[in-house]
Each structure stands twice: as structure tokens, then as C-alpha cells.
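Reproduced below: structure.cif, with mmCIF, C-alpha atoms.
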data_run
#
loop_
_atom_site.label_atom_id
_atom_site.label_comp_id
_atom_site.auth_asym_id
_atom_site.auth_seq_id
_atom_site.Cartn_x
_atom_site.Cartn_y
_atom_site.Cartn_z
CA MET A 1 -17.30 10.55 0.65
CA SER A 2 -21.08 10.91 0.75
CA LYS A 3 -22.80 13.23 -1.72
CA ARG A 4 -24.62 14.85 1.21
CA MET A 5 -21.35 15.76 2.94
CA ILE A 6 -19.82 17.16 -0.27
CA SER A 7 -22.94 19.22 -0.92
CA ALA A 8 -22.86 20.64 2.62
CA LEU A 9 -19.23 21.68 2.33
CA ILE A 10 -19.66 23.29 -1.08
CA GLY A 11 -22.82 24.98 0.09
CA SER A 12 -21.13 26.53 3.13
CA ALA A 13 -18.36 27.93 0.96
CA ALA A 14 -20.87 29.16 -1.63
CA LEU A 15 -22.68 31.22 1.03
CA GLY A 16 -19.45 33.08 1.60
CA PHE A 17 -18.77 33.62 -2.11
CA ALA A 18 -22.29 34.93 -2.63
CA ALA A 19 -21.42 37.82 -0.33
CA THR A 20 -18.43 38.86 -2.47
CA PRO A 21 -19.84 42.18 -3.85
CA ALA A 22 -20.58 43.55 -0.38
CA ALA A 23 -17.32 42.24 1.01
CA ALA A 24 -15.30 43.82 -1.78
CA GLN A 25 -16.67 47.24 -0.83
CA GLU A 26 -15.54 46.78 2.77
CA VAL A 27 -12.00 45.63 1.98
CA THR A 28 -10.02 48.73 1.17
CA ALA A 29 -6.43 47.50 1.67
CA ASP A 30 -4.25 47.02 -1.42
CA ALA A 31 -3.10 43.67 0.01
CA PRO A 32 -6.18 42.06 1.62
CA PHE A 33 -4.39 38.75 2.22
CA SER A 34 -1.34 40.13 4.02
CA GLY A 35 -1.04 39.55 7.74
CA VAL A 36 -1.33 37.04 10.54
CA TYR A 37 -4.46 34.93 10.92
CA VAL A 38 -6.03 32.23 13.10
CA GLY A 39 -8.75 29.85 12.04
CA GLY A 40 -9.90 26.32 11.60
CA SER A 41 -11.32 23.72 9.25
CA PHE A 42 -14.12 21.16 9.34
CA GLY A 43 -15.02 18.52 6.80
CA TYR A 44 -14.76 14.91 5.73
CA ASP A 45 -11.76 12.57 5.25
CA VAL A 46 -11.66 9.47 3.04
CA GLN A 47 -9.06 6.78 2.33
CA PRO A 48 -8.12 5.16 -0.97
CA ASN A 49 -9.10 1.52 -1.31
CA ASP A 50 -5.92 -0.49 -0.60
CA VAL A 51 -6.64 -3.25 -3.11
CA GLY A 52 -4.31 -6.22 -2.64
CA GLU A 53 -3.18 -5.40 0.90
CA THR A 54 -2.16 -8.47 2.92
CA ILE A 55 -0.35 -9.50 6.09
CA GLU A 56 3.17 -10.90 5.67
CA PHE A 57 4.96 -13.40 7.90
CA ASP A 58 8.51 -13.98 9.16
CA ARG A 59 8.42 -17.53 10.56
CA ASN A 60 12.17 -17.92 11.26
CA LEU A 61 12.61 -14.36 12.65
CA ASP A 62 15.38 -13.44 10.18
CA GLY A 63 13.77 -10.09 9.38
CA VAL A 64 12.56 -11.20 5.94
CA PHE A 65 8.75 -11.25 5.60
CA ARG A 66 8.30 -13.65 2.70
CA ASP A 67 7.45 -16.86 4.52
CA THR A 68 4.47 -19.17 4.14
CA ILE A 69 2.91 -20.44 7.37
CA SER A 70 2.32 -24.17 6.95
CA THR A 71 -0.01 -26.62 8.65
CA ALA A 72 1.12 -30.06 9.85
CA THR A 73 0.33 -31.37 6.35
CA VAL A 74 2.52 -28.63 4.77
CA ALA A 75 -0.53 -26.83 3.39
CA ASN A 76 -0.76 -23.04 3.46
CA ALA A 77 -2.32 -22.18 6.83
CA PHE A 78 -3.54 -18.84 5.42
CA SER A 79 -5.01 -20.20 2.20
CA PRO A 80 -8.46 -18.68 3.00
CA GLY A 81 -6.84 -15.34 2.13
CA PHE A 82 -7.07 -11.69 3.15
CA CYS A 83 -9.45 -8.74 3.00
CA ASN A 84 -9.09 -4.95 3.00
CA GLY A 85 -10.86 -4.18 6.24
CA ARG A 86 -11.79 -5.40 9.72
CA ALA A 87 -12.89 -9.05 9.95
CA THR A 88 -16.35 -9.73 11.34
CA SER A 89 -15.94 -13.48 11.94
CA ASN A 90 -13.36 -16.24 12.02
CA ILE A 91 -14.45 -17.51 8.61
CA ALA A 92 -13.04 -15.92 5.47
CA PRO A 93 -15.53 -14.23 3.09
CA GLY A 94 -14.52 -16.67 0.36
CA ASN A 95 -15.50 -19.58 2.61
CA GLY A 96 -18.92 -18.21 3.48
CA GLY A 97 -17.98 -15.81 6.28
CA ARG A 98 -19.77 -12.52 6.96
CA GLY A 99 -16.98 -10.56 5.33
CA CYS A 100 -15.03 -7.50 6.48
CA ARG A 101 -16.06 -3.98 7.43
CA SER A 102 -14.69 -1.33 5.09
CA ASP A 103 -12.00 1.04 6.28
CA LYS A 104 -13.50 3.88 8.28
CA ASP A 105 -13.83 7.36 6.79
CA GLY A 106 -15.17 10.24 8.83
CA ILE A 107 -15.21 13.81 10.05
CA GLY A 108 -11.96 15.77 10.30
CA TYR A 109 -11.33 19.09 12.04
CA SER A 110 -8.36 21.28 12.93
CA ALA A 111 -7.14 24.61 14.27
CA ARG A 112 -4.56 26.66 12.38
CA VAL A 113 -2.43 29.78 12.60
CA GLY A 114 -0.58 31.37 9.72
CA ALA A 115 0.88 34.45 8.10
CA ASP A 116 0.73 35.65 4.48
CA TYR A 117 2.48 38.36 2.51
CA GLN A 118 0.86 39.78 -0.60
CA ARG A 119 2.69 41.67 -3.32
CA GLY A 120 0.48 42.54 -6.24
CA ASN A 121 -1.54 39.47 -7.06
CA ILE A 122 0.96 36.99 -5.59
CA VAL A 123 0.53 35.70 -2.05
CA VAL A 124 3.15 33.67 -0.17
CA GLY A 125 2.81 32.40 3.37
CA VAL A 126 3.21 29.74 6.01
CA VAL A 127 0.59 27.90 8.05
CA GLY A 128 0.73 25.56 11.03
CA GLU A 129 -2.16 23.22 11.77
CA PHE A 130 -3.18 20.72 14.45
CA GLY A 131 -6.20 18.45 14.20
CA LYS A 132 -7.93 15.09 14.44
CA ASN A 133 -10.08 12.87 12.28
CA GLU A 134 -11.93 9.58 12.42
CA VAL A 135 -10.12 7.54 9.73
CA SER A 136 -8.93 4.00 10.43
CA ASP A 137 -7.27 1.51 8.09
CA SER A 138 -7.46 -2.27 8.63
CA VAL A 139 -6.35 -5.46 6.91
CA SER A 140 -7.34 -8.99 7.92
CA ALA A 141 -5.91 -12.45 7.33
CA PHE A 142 -7.81 -15.73 7.73
CA SER A 143 -6.32 -19.08 8.73
CA THR A 144 -7.66 -22.56 8.16
CA THR A 145 -8.20 -23.05 11.92
CA PRO A 146 -10.50 -21.06 11.29
CA ALA A 147 -9.48 -17.72 12.83
CA PHE A 148 -9.09 -14.08 11.82
CA TYR A 149 -6.09 -11.78 12.40
CA THR A 150 -6.73 -8.03 11.98
CA MET A 151 -4.17 -5.21 12.02
CA THR A 152 -5.55 -1.66 12.30
CA ARG A 153 -4.16 1.88 12.07
CA ASP A 154 -6.03 4.78 13.71
CA LEU A 155 -4.97 8.41 13.63
CA LYS A 156 -4.96 9.97 17.12
CA TRP A 157 -3.82 13.43 15.98
CA GLU A 158 -1.88 15.19 13.22
CA ALA A 159 0.21 18.37 13.10
CA SER A 160 1.62 19.99 9.96
CA ALA A 161 3.72 22.98 8.89
CA ARG A 162 3.20 24.05 5.28
CA GLY A 163 3.99 26.78 2.82
CA ARG A 164 1.30 28.53 0.77
CA LEU A 165 1.58 30.09 -2.67
CA GLY A 166 -1.38 31.70 -4.33
CA TYR A 167 -2.89 34.17 -6.76
CA ALA A 168 -5.28 36.82 -5.47
CA ALA A 169 -8.01 38.13 -7.76
CA ASN A 170 -9.26 41.10 -5.77
CA THR A 171 -10.69 39.50 -2.59
CA THR A 172 -10.53 35.89 -3.82
CA LEU A 173 -7.39 33.79 -3.31
CA PHE A 174 -6.54 30.60 -5.22
CA TYR A 175 -3.63 28.76 -3.61
CA GLY A 176 -1.59 25.60 -3.29
CA THR A 177 -0.07 24.33 -0.06
CA PHE A 178 2.59 21.73 0.75
CA GLY A 179 4.72 20.78 3.74
CA VAL A 180 5.59 18.25 6.40
CA GLY A 181 3.24 16.44 8.75
CA TYR A 182 3.73 14.68 12.07
CA ALA A 183 1.14 12.11 13.13
CA ASN A 184 0.43 10.00 16.18
CA ILE A 185 -0.70 6.66 14.73
CA ASP A 186 -2.29 4.06 17.01
CA ASN A 187 -1.63 0.52 15.75
CA SER A 188 -3.67 -2.34 17.18
CA PHE A 189 -4.26 -6.05 16.66
CA THR A 190 -7.25 -8.32 17.21
CA THR A 191 -7.69 -12.03 16.54
CA GLY A 192 -10.07 -14.92 16.94
CA ASN A 193 -7.15 -17.25 17.73
CA THR A 194 -7.21 -18.24 21.41
CA ALA A 195 -4.52 -20.93 21.23
CA ASN A 196 -1.48 -18.64 20.80
CA THR A 197 -0.08 -15.61 22.61
CA PHE A 198 0.25 -12.34 20.67
CA THR A 199 2.50 -9.42 21.61
CA THR A 200 2.76 -6.06 19.80
CA ASN A 201 4.98 -2.99 19.85
CA GLY A 202 2.17 -0.43 20.07
CA GLY A 203 1.69 2.86 18.24
CA SER A 204 4.12 5.16 16.53
CA LYS A 205 4.73 8.80 15.72
CA GLU A 206 5.67 9.34 12.09
CA TRP A 207 6.77 12.14 9.76
CA GLY A 208 4.98 12.50 6.44
CA ILE A 209 3.79 14.90 3.77
CA VAL A 210 0.65 17.03 3.49
CA GLY A 211 -0.30 18.95 0.36
CA GLY A 212 -3.23 20.28 -1.61
CA GLY A 213 -4.91 23.52 -2.54
CA GLY A 214 -7.98 25.61 -2.13
CA ILE A 215 -9.86 28.87 -2.51
CA GLU A 216 -10.30 31.57 0.12
CA GLN A 217 -12.77 34.46 0.01
CA LYS A 218 -12.52 37.61 2.12
CA LEU A 219 -15.75 38.71 3.81
CA GLY A 220 -14.98 42.16 5.06
CA LYS A 221 -11.63 43.39 6.33
CA ASN A 222 -10.80 40.62 8.80
CA PHE A 223 -12.83 37.51 8.05
CA SER A 224 -12.53 34.90 5.28
CA VAL A 225 -14.02 31.51 4.40
CA GLY A 226 -12.91 28.88 1.96
CA LEU A 227 -12.83 25.33 0.69
CA GLU A 228 -9.65 23.23 0.82
CA TYR A 229 -8.46 19.81 -0.38
CA GLN A 230 -5.49 18.03 1.25
CA TYR A 231 -3.67 14.75 0.69
CA HIS A 232 -1.96 13.15 3.72
CA GLN A 233 0.65 10.38 3.59
CA TYR A 234 2.73 8.75 6.33
CA GLU A 235 5.15 5.84 6.13
CA ASP A 236 4.21 3.45 8.93
CA THR A 237 6.52 0.41 8.80
CA ASP A 238 7.51 -0.28 12.42
CA TYR A 239 4.46 -2.11 13.78
CA ARG A 240 4.95 -5.83 14.46
CA VAL A 241 2.85 -8.59 15.99
CA ARG A 242 4.52 -11.75 17.32
CA ALA A 243 2.59 -15.00 17.60
CA SER A 244 4.12 -17.43 20.08
CA GLY A 245 3.18 -20.28 22.39
CA GLY A 246 0.37 -22.63 21.55
CA PRO A 247 0.62 -26.34 20.82
CA THR A 248 4.12 -27.81 20.51
CA GLY A 249 5.16 -27.76 16.87
CA GLY A 250 2.29 -25.46 15.92
CA PRO A 251 2.38 -23.41 12.71
CA PHE A 252 3.71 -20.25 14.41
CA THR A 253 6.59 -21.98 16.25
CA ARG A 254 7.61 -24.53 13.64
CA GLY A 255 10.16 -22.20 12.00
CA ASN A 256 11.49 -20.70 15.23
CA ALA A 257 10.58 -21.68 18.79
CA SER A 258 10.23 -17.98 19.70
CA GLY A 259 7.34 -17.55 17.28
CA THR A 260 6.38 -15.78 14.05
CA ASP A 261 6.29 -12.04 13.32
CA PHE A 262 3.44 -10.36 11.36
CA ARG A 263 3.50 -7.06 9.46
CA ARG A 264 1.35 -5.29 6.86
CA ASN A 265 2.63 -5.31 3.28
CA PHE A 266 1.44 -1.72 2.60
CA ASP A 267 3.80 0.75 4.24
CA TYR A 268 1.72 3.91 3.90
CA PHE A 269 -1.17 5.33 5.89
CA ARG A 270 -2.82 7.87 3.59
CA TRP A 271 -6.09 9.72 3.15
CA HIS A 272 -7.79 12.65 1.39
CA SER A 273 -9.66 15.49 3.05
CA LEU A 274 -12.14 18.09 1.82
CA ARG A 275 -12.90 20.78 4.37
CA ALA A 276 -14.54 24.14 4.76
CA THR A 277 -12.23 26.74 6.32
CA ALA A 278 -12.64 29.99 8.20
CA ALA A 279 -10.02 32.51 9.33
CA PHE A 280 -9.76 35.81 11.21
CA ARG A 281 -6.98 38.13 10.02
CA PHE A 282 -5.42 40.68 12.34
#
Could you write out this structure as C-alpha cells?
Amino acid sequence: MSKRMISALIGSAALGFAATPAAAQEVTADAPFSGVYVGGSFGYDVQPNDVGETIEFDRNLDGVFRDTISTATVANAFSPGFCNGRATSNIAPGNGGRGCRSDKDGIGYSARVGADYQRGNIVVGVVGEFGKNEVSDSVSAFSTTPAFYTMTRDLKWEASARGRLGYAANTTLFYGTFGVGYANIDNSFTTGNTANTFTTNGGSKEWGIVGGGGIEQKLGKNFSVGLEYQYHQYEDTDYRVRASGGPTGGPFTRGNASGTDFRRNFDYFRWHSLRATAAFRF
């Protein structure tokens, strides 16, 4: 995440916190965080660096992805290796290629509705959220042909339902949140190989987990702002690419005439988010 983006988010929340003395005078209820609210969030999402991610192969289509794809001379056809990102040329970085673009981080935003109940300093609640972001996660393999093979995950949208548990210090709430997520993940494949035919099984909708915490500050009776961190994780294991056709006895049809299946060796699509929040309480 860029320092400029972090500074902007913290600054927006700080503007709200600076107004705390005036806001505290306006909030007269004994339980300022009780009630139903609607709101949204806006910020930046980043992914961890998936060091060591590769593409695995099933050359005899027995469902076991531990096979080595061999050339006619029984050499490893993917000896140029792999990279954590989107390939920019057919030549592997280790062989003088232009390298791979890093996984894409970007802006995230959402709408939310929730309800809290406050008793003393303790606040419990539930929140539902729906949003989008710009993260994408790629891995590339390079063959000796030379050619690249890139598998990419993009998030189309995400919904979550979470619980909240917090401690209210007057008009400031510190809280944790955790629950289930449901994401529409768009899987795609690109390659520089023009000799074979490639078929895929498309995107997927997956269940996962979403959790984190934050701080919320009341500004008057009905309005609040805050800053929130979330961790998102989805198991995405169903996507397959099948390489078939091509020259008779080629590397992808040598083990099985129907072809060879590809999959990613990392099962999880995951990212972190830091967002400014705003809510209107009824």
C-alpha cells in the first residue's frame, strides 16, 4: 500500500476524531452506539506476496497434479520456471525476458447495513456488506518453446455477514469483527502458445472468511466515521485449464491423448484492506 494512500485514510479519520469534544456535547443518549445504521467504506486493498507459487500439471489426467511435462528429449519442458505475477513476454525472466507484472492492488469500496446493541460500555452487533475492489492475483509458467502460461484471479464482487464486538469509551468505539464472506471470483488464462488448444472451466463463487477490527467515532447524534482493517480469504481450488491438440506426440498429449490439466498450487485468494468508514444511525 502506498504511503500517500495510508496518509489520506488516516487523515480522513483524524478529521472526524478532532471534532470529538463538540460531538460529545451533542450525543446525549446513554447508549450512543445502539440502533440500526447504513453506511459505506472506501480505501485500499493489498495482497500478500505469494512467494513460491507455481502451476502444477496432471499429464495423465488421473487427478494427481505432480507430473513433470517432458520434451521429446525427456527434459523438463518448464525448466525456465515460474513467477508470481502476469508474464510480459514468452521468455522467462531468468532467461533474459522482461519479467512479470506484480499482482494488482487497488481501491476497494462497499455499502453496509447493520445493527448494534450497547449495554454499558459493551457493544454487540451484526453487519452485512457488499462491495468491490481492484485486486487481481496471477501466476505464470514458462516453457522451453519458449511460451508463457498465466493463470489469473480477479474479484468481481464480495458480500459478507459479520458479527461485531466492541468497547465504547463515551462516543468512541473500539471493535473487532468476524464472519463469513461470499465472493464471485473470475478466473482466466492467457498464453503465448499458439500450437495447442486451451479450454477452461471459468469463474467460481466461493465461501470464505472476513475478519478484522477498527475504531468508530460518533459525530453528533446520528453520524459516525471510522477507520477499519479487514483480512479476506477464499479457498479457490476448482479452476482448471486443459491443454490439448498440437503436434502428434507433443508434450501435453504424450501422457494422455486427451491432453494435460493445469492448476495453481496455492489454493487461497486472500488480501488485506484498510478503509475509511462512515455511517448514519437511525
Practice task
Evaluate the PyMOL selection byres ((chain A and resi 243) around 9) and record the selected residues as a ChimeraX atom specification, following the chain and residue labels used in the document.
Solution key: /A:196-199,241-242,244-246,252-253,258-262
Check: Restricting the calculation to only C-alpha atoms, which member of A:Thr200, A:Gly255, A:Asn84, A:Arg275 is positioned closest to A:Leu61?
Finding: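 Of A:Thr200, A:Gly255, A:Asn84, A:Arg275, the one nearest A:Leu61 is A:Gly255, counting only C-alpha atoms.
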Q: May I ask which of the residues A:Asn60, A:Ser110, A:Pro80, A:Thr172 is the closest one to A:Lys218, counting all atoms listed in the file?
A: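 For A:Lys218, the nearest of the candidates is A:Thr172.
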Requested in this report: Work out how far atom CA of A:Arg263 is from atom CA of A:Phe65, in Å to one decimal.
Outcome: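 Going from atom CA of A:Phe65 over to atom CA of A:Arg263, I get 7.7 Å.
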Checklist entry - Mind telling me what the PyMOL selection byres ((chain A and resi 40-45) around 7) catches here, as a list in words? => result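 When the PyMOL selection byres ((chain A and resi 40-45) around 7) is applied, the selected residues are Leu9, Gly39, Val46, Asp105, Gly106, Ile107, Gly108, Tyr109, Ser110, Ala111, Arg112, Val135, Trp271, His272, Ser273, Leu274, Arg275, Ala276, Thr277, Ala278 and Ala279 of chain A.
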**OP:** May I have the protein, DNA and RNA residues with an atom at most 9 Å from (-13.0, -16.2, 13.3), counting only C-alpha atoms in the file's coordinates, returned as a ChimeraX atom specification?
**Re:** /A:87-92,97,142-143,145-149,191-193
Just how far from atom CA of A:Gly214 is atom CA of A:Leu227, in Å to one decimal?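 Rounded to one decimal, the two atoms are 5.6 Å apart.
Considering all atoms listed in the file, the residue among A:Ser188, A:Arg66, A:Gly131, A:Pro32 positioned nearest to A:Arg86 is A:Ser188.
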Note to self: Please expand the PyMOL selection byres ((chain A and resi 161) around 9) into the concrete residues it hits in this file, giving the result as an NGL selection string.
What the structure shows: :A and (126-129 or 159-160 or 162-163 or 178-182 or 210)
Subject >> Selected residue of minimal separation from A:Val64 among A:Asn265, A:Gly212, A:Gly94, A:Val225, counting all atoms listed in the file >> reply: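 Answer, going by the shortest atom-to-atom distance: A:Asn265.
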Counting all atoms listed in the file, closest pick from A:Gly226, A:Gly81, A:Pro251, A:Gly213 relative to A:Ile55 is A:Gly81
In Å and to one decimal, atom CA of A:Val123 is distant from atom CA of A:Phe174 by 9.3 Å
Judged by only C-alpha atoms, the minimum distance to A:Trp157 among A:Ser140, A:Ala183, A:Phe280, A:Gly202 is found for A:Ala183
Can you tell me which residues surround A:Glu53 at a distance of at most 10 Å, considering all atoms listed in the file, apart from same-chain residues fewer than 2 positions away, and format the answer as a VMD selection string? chain A and resid 49 to 51 55 to 56 82 to 85 138 to 141 264 to 267
Wanna dump the stretch 174-238 of chain A-stretch 151-154 of chain A contacts at 6 Å for me, each residue with its shortest atom pair and the distance in Å to one decimal, counting only C-alpha atoms, ordered by chain and number, as CSV?
residue,atom,partner,partner_atom,distance
A:Ile185,CA,A:Asp154,CA,5.7
A:Asp186,CA,A:Asp154,CA,5.0
A:Asn187,CA,A:Arg153,CA,4.7
A:Ser188,CA,A:Thr152,CA,5.3
A:Phe189,CA,A:Met151,CA,4.7
* To do: Please identify all polymer residues within 8 Å of A:Leu165, counting only C-alpha atoms, omitting same-chain residues fewer than 4 positions from it, and present them as a list of chain:residue names.
  =>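 Skipping anything fewer than 4 positions along the chain leaves A:Ile122, A:Val123, A:Val124, A:Gly125, A:Tyr175, A:Gly176, A:Thr177.
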Next item on the list: Please determine the residues with any atom at most 8 Å from (7.2, 5.2, 10.9) (coordinates as given in the file, with only C-alpha atoms counting) and report them as number ranges by chain.
Entry: A: 204-207, 234-238
